[in-house]
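Next up, data.cif (mmCIF, C-alpha atoms and all ligand atoms):
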data_my_file
#
loop_
_atom_site.label_atom_id
_atom_site.label_comp_id
_atom_site.auth_asym_id
_atom_site.auth_seq_id
_atom_site.Cartn_x
_atom_site.Cartn_y
_atom_site.Cartn_z
CA MET A 19 -265.87 -2.44 -41.40
CA VAL A 20 -263.77 -5.60 -41.84
CA ILE A 21 -260.19 -5.01 -40.68
CA ASN A 22 -257.43 -7.57 -41.26
CA GLU A 23 -253.84 -7.29 -40.13
CA ILE A 24 -251.64 -8.82 -42.81
CA ASN A 25 -247.96 -9.23 -43.61
CA CYS A 26 -246.75 -7.98 -46.97
CA LYS A 27 -243.79 -9.32 -48.95
CA SER A 28 -243.07 -5.98 -50.63
CA ILE A 29 -244.16 -2.41 -49.82
CA LEU A 30 -242.08 -0.48 -52.34
CA ASN A 31 -243.84 -1.41 -55.55
CA LYS A 32 -243.11 -0.20 -59.07
CA SER A 33 -245.61 2.40 -60.16
CA GLY A 34 -247.31 2.63 -63.53
CA ILE A 35 -247.81 6.38 -63.02
CA PRO A 36 -245.42 8.50 -65.11
CA SER A 37 -242.91 10.42 -62.93
CA ILE A 38 -243.47 8.13 -59.94
CA ASP A 39 -240.98 5.26 -59.60
CA TYR A 40 -242.46 3.46 -56.62
CA GLY A 41 -245.75 3.53 -54.75
CA ILE A 42 -246.17 2.81 -51.04
CA ASN A 43 -249.65 1.69 -50.01
CA PRO A 44 -249.68 0.79 -46.32
CA TYR A 45 -253.29 -0.39 -46.59
CA ILE A 46 -255.38 -2.39 -49.04
CA GLY A 47 -258.75 -0.69 -49.30
CA CYS A 48 -259.69 2.74 -48.07
CA GLY A 49 -262.03 3.79 -45.29
CA HIS A 50 -262.72 7.13 -46.98
CA LYS A 51 -265.11 5.19 -49.24
CA CYS A 52 -265.14 7.70 -52.10
CA GLN A 53 -267.85 6.76 -54.54
CA TYR A 54 -265.84 7.54 -57.69
CA CYS A 55 -262.69 5.72 -56.49
CA TYR A 56 -260.84 4.03 -59.34
CA ALA A 57 -258.87 1.91 -56.81
CA VAL A 58 -261.97 -0.26 -56.46
CA PHE A 59 -260.14 -2.68 -58.81
CA MET A 60 -258.07 -3.66 -55.74
CA LYS A 61 -261.04 -5.76 -54.62
CA ARG A 62 -260.32 -8.15 -57.47
CA PHE A 63 -256.65 -8.54 -56.50
CA SER A 64 -257.25 -8.89 -52.79
CA GLY A 65 -260.22 -11.25 -53.04
CA HIS A 66 -262.52 -8.99 -51.01
CA THR A 67 -266.25 -9.21 -51.66
CA GLU A 68 -267.31 -6.43 -49.28
CA PRO A 69 -268.33 -3.07 -50.79
CA TRP A 70 -265.44 -0.63 -51.39
CA GLY A 71 -264.76 1.28 -48.18
CA ASP A 72 -266.05 -1.51 -45.93
CA PHE A 73 -262.77 -3.47 -45.68
CA VAL A 74 -259.18 -2.56 -45.00
CA ASP A 75 -256.14 -4.82 -44.83
CA VAL A 76 -253.42 -3.28 -42.68
CA LYS A 77 -249.88 -4.16 -43.75
CA ILE A 78 -248.50 -4.29 -40.23
CA ASN A 79 -244.96 -5.29 -41.24
CA ALA A 80 -244.65 -2.53 -43.89
CA PRO A 81 -242.00 -0.43 -42.05
CA VAL A 82 -239.71 -3.46 -41.59
CA VAL A 83 -240.11 -4.51 -45.22
CA LEU A 84 -239.53 -0.93 -46.39
CA GLU A 85 -236.30 -0.65 -44.41
CA ARG A 86 -235.04 -3.80 -46.14
CA GLN A 87 -236.10 -2.64 -49.60
CA LEU A 88 -234.60 0.85 -49.17
CA LYS A 89 -231.19 -0.66 -48.41
CA ARG A 90 -231.29 -2.39 -51.78
CA LEU A 91 -232.54 0.67 -53.72
CA LYS A 92 -229.45 2.27 -55.21
CA ARG A 93 -230.98 4.79 -57.63
CA LYS A 94 -232.48 8.04 -56.35
CA SER A 95 -236.22 7.58 -56.89
CA HIS A 96 -239.58 9.26 -56.60
CA ILE A 97 -241.60 7.39 -54.00
CA SER A 98 -245.27 8.22 -53.62
CA PHE A 99 -247.57 7.36 -50.71
CA GLY A 100 -251.13 6.46 -51.54
CA THR A 101 -251.39 5.43 -55.19
CA VAL A 102 -254.26 2.97 -54.55
CA CYS A 103 -255.35 3.95 -51.04
CA ASP A 104 -255.15 7.01 -48.81
CA ALA A 105 -252.10 6.56 -46.58
CA TYR A 106 -253.84 8.85 -44.03
CA GLN A 107 -257.20 7.11 -43.98
CA PRO A 108 -258.86 6.83 -40.53
CA LEU A 109 -257.09 3.60 -39.45
CA GLU A 110 -253.72 5.34 -39.77
CA ALA A 111 -254.55 7.24 -36.56
CA LYS A 112 -254.38 3.91 -34.72
CA TYR A 113 -251.79 1.92 -36.67
CA GLU A 114 -249.29 4.66 -37.66
CA ILE A 115 -247.93 2.51 -40.51
CA THR A 116 -247.48 5.54 -42.78
CA ARG A 117 -245.70 7.45 -40.03
CA LYS A 118 -243.31 4.55 -39.40
CA CYS A 119 -242.63 4.20 -43.14
CA LEU A 120 -241.85 7.92 -43.41
CA GLU A 121 -239.37 7.57 -40.54
CA LYS A 122 -237.53 4.90 -42.53
CA LEU A 123 -237.16 7.34 -45.44
CA VAL A 124 -235.52 10.12 -43.40
CA PRO A 125 -231.89 8.98 -43.93
CA TYR A 126 -232.38 8.85 -47.72
CA LYS A 127 -232.52 11.52 -50.41
CA HIS A 128 -235.40 10.05 -52.37
CA GLU A 129 -238.12 12.34 -53.62
CA VAL A 130 -241.16 11.60 -51.44
CA SER A 131 -244.71 12.64 -52.24
CA ILE A 132 -247.99 12.09 -50.44
CA LEU A 133 -251.45 12.49 -51.90
CA THR A 134 -254.23 12.50 -49.33
CA LYS A 135 -257.60 13.86 -48.34
CA SER A 136 -256.89 13.87 -44.63
CA ASN A 137 -255.61 16.47 -42.20
CA LEU A 138 -254.23 13.54 -40.18
CA VAL A 139 -251.04 14.19 -42.18
CA LEU A 140 -250.43 17.14 -39.81
CA ARG A 141 -249.65 14.65 -37.04
CA ASP A 142 -246.44 13.81 -38.92
CA VAL A 143 -245.16 17.33 -39.62
CA ASP A 144 -242.16 16.60 -37.39
CA ILE A 145 -241.04 13.80 -39.73
CA LEU A 146 -242.05 15.57 -42.94
CA LYS A 147 -239.75 18.42 -41.98
CA LYS A 148 -236.83 16.00 -41.72
CA LEU A 149 -237.31 14.67 -45.24
CA LYS A 150 -235.01 16.30 -47.76
CA ASN A 151 -237.33 16.24 -50.74
CA ILE A 152 -241.01 16.12 -49.78
CA GLU A 153 -244.24 17.34 -51.32
CA VAL A 154 -247.80 16.90 -50.02
CA GLY A 155 -250.82 17.02 -52.30
CA PHE A 156 -254.43 17.23 -51.17
CA THR A 157 -257.28 16.02 -53.35
CA VAL A 158 -260.32 18.29 -53.24
CA THR A 159 -263.29 17.73 -55.51
CA SER A 160 -265.91 20.15 -54.23
CA LEU A 161 -266.32 22.81 -51.59
CA ASP A 162 -270.03 22.01 -51.32
CA PRO A 163 -270.53 19.98 -48.08
CA LYS A 164 -273.52 18.08 -49.51
CA VAL A 165 -271.60 16.98 -52.60
CA LYS A 166 -268.63 15.97 -50.44
CA LYS A 167 -270.88 13.99 -48.09
CA ILE A 168 -272.42 11.99 -50.93
CA PHE A 169 -269.26 11.33 -52.95
CA GLU A 170 -266.62 11.17 -50.18
CA PRO A 171 -268.67 10.07 -47.15
CA ASN A 172 -265.83 9.30 -44.73
CA ALA A 173 -263.17 11.77 -45.85
CA PRO A 174 -262.55 14.96 -43.85
CA PRO A 175 -264.42 18.10 -44.97
CA SER A 176 -262.81 20.02 -47.83
CA ARG A 177 -262.44 23.03 -45.53
CA LYS A 178 -260.21 20.98 -43.21
CA ARG A 179 -258.07 19.95 -46.18
CA PHE A 180 -257.39 23.57 -47.12
CA GLU A 181 -256.64 24.39 -43.48
CA ALA A 182 -254.14 21.51 -43.43
CA LEU A 183 -252.53 22.78 -46.64
CA LYS A 184 -252.10 26.17 -45.03
CA THR A 185 -250.48 24.68 -41.93
CA LEU A 186 -248.09 22.61 -44.07
CA SER A 187 -247.16 25.72 -46.07
CA GLN A 188 -246.48 27.56 -42.81
CA HIS A 189 -244.02 24.76 -42.00
CA HIS A 190 -242.38 25.32 -45.40
CA ILE A 191 -243.52 21.95 -46.71
CA PRO A 192 -244.34 22.30 -50.42
CA THR A 193 -247.97 21.52 -51.23
CA TRP A 194 -250.30 21.27 -54.19
CA VAL A 195 -253.99 20.72 -54.85
CA PHE A 196 -255.43 17.98 -57.04
CA VAL A 197 -258.98 18.55 -58.23
CA ALA A 198 -259.67 14.98 -59.23
CA PRO A 199 -262.18 14.38 -60.42
CA THR A 200 -263.48 17.81 -61.33
CA LEU A 201 -267.07 16.73 -60.74
CA PRO A 202 -269.29 17.55 -63.74
CA TYR A 203 -272.16 19.90 -62.84
CA PHE A 204 -270.82 20.52 -59.31
CA SER A 205 -267.19 21.67 -59.64
CA ASP A 206 -266.90 22.85 -63.21
CA SER A 207 -268.76 26.18 -63.10
CA GLU A 208 -266.73 29.39 -63.27
CA GLU A 209 -267.78 30.12 -59.71
CA ALA A 210 -266.78 26.69 -58.33
CA LEU A 211 -263.47 26.68 -60.21
CA GLY A 212 -262.68 30.22 -59.07
CA GLN A 213 -263.33 29.19 -55.49
CA LEU A 214 -260.93 26.23 -55.79
CA PHE A 215 -258.23 28.46 -57.28
CA ARG A 216 -258.74 31.04 -54.52
CA GLU A 217 -258.56 28.47 -51.74
CA ALA A 218 -255.45 26.81 -53.17
CA ARG A 219 -253.71 30.12 -53.50
CA SER A 220 -254.61 31.38 -50.05
CA ALA A 221 -253.47 28.03 -48.57
CA GLY A 222 -250.03 28.75 -50.01
CA SER A 223 -250.04 25.79 -52.40
CA GLU A 224 -247.55 25.88 -55.25
CA TYR A 225 -249.85 24.65 -57.99
CA ILE A 226 -253.25 23.16 -58.76
CA LEU A 227 -253.94 20.25 -61.12
CA PHE A 228 -257.26 19.25 -62.63
CA ASP A 229 -258.45 15.88 -63.87
CA THR A 230 -261.88 14.75 -65.06
CA LEU A 231 -264.11 11.89 -64.03
CA ASN A 232 -263.14 8.71 -65.80
CA PRO A 233 -266.30 6.75 -66.61
CA TYR A 234 -264.96 3.23 -65.94
CA PRO A 235 -268.10 1.07 -65.95
CA LYS A 236 -268.01 0.26 -62.19
CA VAL A 237 -267.32 3.86 -61.22
CA TRP A 238 -269.83 5.28 -63.67
CA ASN A 239 -272.68 2.98 -62.55
CA ASN A 240 -272.10 3.95 -58.95
CA VAL A 241 -271.90 7.67 -59.69
CA MET A 242 -275.10 7.51 -61.74
CA ARG A 243 -276.88 5.68 -58.92
CA LEU A 244 -276.05 8.57 -56.59
CA ILE A 245 -276.93 11.24 -59.13
CA LYS A 246 -280.36 9.63 -59.66
CA LYS A 247 -280.94 9.39 -55.92
CA TYR A 248 -279.60 12.71 -54.64
CA PHE A 249 -279.19 15.08 -57.59
CA PRO A 250 -281.86 14.20 -60.22
CA ASP A 251 -281.51 17.71 -61.74
CA ALA A 252 -277.98 16.77 -62.83
CA LEU A 253 -279.02 13.61 -64.73
CA ASP A 254 -279.19 15.21 -68.18
CA PHE A 255 -275.84 16.85 -67.69
CA TYR A 256 -274.23 13.51 -66.74
CA ASP A 257 -275.76 11.91 -69.78
CA PHE A 258 -274.26 14.67 -71.94
CA TYR A 259 -270.89 14.18 -70.20
CA TYR A 260 -270.89 10.46 -70.89
CA HIS A 261 -271.61 10.85 -74.59
CA ASN A 262 -269.56 13.99 -75.23
CA LYS A 263 -266.55 13.66 -72.93
CA THR A 264 -264.03 14.93 -75.49
CA LYS A 265 -266.07 18.04 -76.23
CA TYR A 266 -266.72 18.59 -72.52
CA GLU A 267 -263.00 18.34 -71.75
CA ARG A 268 -262.10 20.77 -74.51
CA ASN A 269 -264.52 23.33 -73.06
CA LEU A 270 -263.33 22.71 -69.51
CA ARG A 271 -259.69 23.27 -70.51
CA VAL A 272 -260.64 26.64 -71.98
CA LYS A 273 -262.62 27.56 -68.87
CA ILE A 274 -259.80 26.56 -66.50
CA SER A 275 -257.24 28.60 -68.51
CA LYS A 276 -259.54 31.61 -68.51
CA ILE A 277 -260.08 31.47 -64.74
CA GLY A 278 -256.53 30.36 -63.95
CA ARG A 279 -255.09 33.48 -65.51
CA ARG A 280 -256.82 35.55 -62.82
CA TYR A 281 -254.95 33.87 -59.97
CA ARG A 282 -251.27 33.93 -59.16
CA ILE A 283 -250.84 30.18 -58.92
CA LYS A 284 -249.54 27.65 -61.44
CA TYR A 285 -252.16 25.31 -62.86
CA ARG A 286 -252.35 22.42 -65.26
CA THR A 287 -254.92 20.04 -66.66
CA VAL A 288 -254.03 16.35 -66.91
CA PHE A 289 -256.84 15.27 -69.23
S1 LIG B 301 -259.31 8.67 -50.54
FE1 LIG B 301 -258.56 8.05 -52.55
S2 LIG B 301 -258.13 5.85 -52.37
FE2 LIG B 301 -259.44 6.44 -50.65
S3 LIG B 301 -261.50 5.97 -51.34
FE3 LIG B 301 -261.08 8.13 -51.77
S4 LIG B 301 -260.35 8.17 -53.89
FE4 LIG B 301 -260.19 6.05 -53.17
#

Can you give me the file's structure in the form of structure tokens?
Amino acid sequence: MVINEINCKSILNKSGIPSIDYGINPYIGCGHKCQYCYAVFMKRFSGHTEPWGDFVDVKINAPVVLERQLKRLKRKSHISFGTVCDAYQPLEAKYEITRKCLEKLVPYKHEVSILTKSNLVLRDVDILKKLKNIEVGFTVTSLDPKVKKIFEPNAPPSRKRFEALKTLSQHHIPTWVFVAPTLPYFSDSEEALGQLFREARSAGSEYILFDTLNPYPKVWNNVMRLIKKYFPDALDFYDFYYHNKTKYERNLRVKISKIGRRYRIKYRTVF
């Protein structure tokens, strides 16, 4: 792993995601090394040539820069941690950049959201409880440990993520679950979807959102490499997915609605 400590000029950056005004990404790169990660495009902007997941730039001055930018931000905004990295990736345990940035947000009334895969977020419950408008989302793609190990090699087990959601709920911190991507063949069966709904509900999450796998060429080639190597039985299904995505999504929407009606939790598809 190549780790660089860098100084950033700006940490509160305008977001292209609807409903989010600004993104905070305390790191460039992500040690979770998810194999379907769309943020791999950050390699181009940062000039890194190492494989995705094998480099991280740590923005060590981020809390100071954020303090300065927050003073200038007059409009109440939605600020989201981790739009192109996981703000609670392993290096956060050492550097605490996310924690220090959250501390800077305490005096303000901005809407703050965090999307992560790591139970490390529990370390910061004391600060999260001080924020006036906070929401924590956990991404979960599969409850199957083998699938998780192949596609999200360095992220905490899905079980730990649901346990963390439960703990946050017990602290009255609003949470939600993001199934993104809903992995074709692995997470889209009635059984797998039902399990995700059940876990989200019993963790006390407020809602569950589903997205599908976006076959950007770089992502798709990598996913197919892994499917060929570890799950050859799924090859035909992935081929069908690639050529019939619209039809697949239509069917998945119907399936999610059918299963979702059985559980007392709000749900939505974003595809
Ligand atoms: S946790 Fe998110 S940002 Fe990090 S590698 Fe996985 S998908 Fe990408």

- request: Could you report the residues within 10 Å of ligand LIG 301 (chain B), using all atoms listed in the file, as a PyMOL selection string?
  value: chain A and resi 43+45-58+70-71+100-107+133-136+156-157+169-174+198-199

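For the residues A:Val124, A:Val165, A:Val272, A:Leu214, ranking by smallest atom-to-atom distance to Val241 in chain A using all atoms listed in the file places A:Val165 first.
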
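The interatomic distance for the pair CA of Phe255 in chain A and CA of Tyr203 in chain A works out to 6.8 Å.
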
message: Quick one: residues within 9 Å of Met242 in chain A, all atoms listed in the file, excluding same-chain residues fewer than 5 positions away - as an MDAnalysis selection string?
response: chainID A and resid 237 247 253 256

Output, as lines of an AutoDock Vina configuration file, the centre and edge lengths in Å (one decimal) of the axis-aligned box that contains all listed atoms of range 101-112 of chain A with 3 Å of margin on each side.
center_x = -255.1
center_y = 5.9
center_z = -45.0
size_x = 13.5
size_y = 11.9
size_z = 26.5

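For the pair CA of Ile29 in chain A and CA of Arg93 in chain A, the separation is 16.9 Å.
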
- prompt: Taking all atoms listed in the file into account, which of A:Leu88, A:Ala80, A:Ile21, A:Ile132 comes nearest Lys118 in chain A?
  reply: A:Ala80

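As for CA of Phe73 in chain A and CA of Val20 in chain A, they are spaced 4.5 Å apart.
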
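Proximity ranking of A:Gly155, A:Pro69, A:Pro108, A:Pro36 relative to Ala221 in chain A places A:Gly155 first, based on only C-alpha atoms.
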
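The nearest approach to Ile168 in chain A among the residues A:His128, A:Lys148, A:Arg282, A:Arg243, with all atoms listed in the file taken into account, belongs to A:Arg243.
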
Polymer residues at most 10 Å from Ser64 in chain A, only C-alpha atoms, same-chain spacing of 3 or more positions, as a compact mmCIF listing (two decimals) with C-alpha atoms, in the frame of the given file:
# COMPACT_ATOMS: atom_id res chain seq x y z
CA ILE A 46 -255.38 -2.39 -49.04
CA GLY A 47 -258.75 -0.69 -49.30
CA PHE A 59 -260.14 -2.68 -58.81
CA MET A 60 -258.07 -3.66 -55.74
CA LYS A 61 -261.04 -5.76 -54.62
CA THR A 67 -266.25 -9.21 -51.66
CA ASP A 75 -256.14 -4.82 -44.83

Test item: residues at most 10 Å from Cys119 in chain A, only C-alpha atoms, excluding those fewer than 4 positions along its chain, as a PyMOL selection string: chain A and resi 29+42+44+79-85+99+114-115+123-124

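Across A:Tyr260, A:Trp238, A:Tyr40, A:Tyr285, the tightest approach to Ala218 in chain A is made by A:Tyr285 when counting only C-alpha atoms.
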
- prompt: Which is closer to Glu181 in chain A than all the others in A:Asn151, A:Asn137, A:Thr193, A:Gln213, using all atoms listed in the file?
  reply: A:Asn137

message: Excluding Ser131 in chain A and its own-chain neighbours fewer than 3 positions away, which residues fall within 7 Å of it when counting only C-alpha atoms? Please give them as a PyMOL selection string.
response: chain A and resi 97-99+152-154

Write the selection just made, keeping C-alpha atoms, as a PDB file, in the coordinates of the input?
ATOM      1  CA  ILE A  97    -241.600   7.390 -54.000  1.00  0.00           C
ATOM      2  CA  SER A  98    -245.270   8.220 -53.620  1.00  0.00           C
ATOM      3  CA  PHE A  99    -247.570   7.360 -50.710  1.00  0.00           C
ATOM      4  CA  ILE A 152    -241.010  16.120 -49.780  1.00  0.00           C
ATOM      5  CA  GLU A 153    -244.240  17.340 -51.320  1.00  0.00           C
ATOM      6  CA  VAL A 154    -247.800  16.900 -50.020  1.00  0.00           C
TER       7      VAL A 154
END
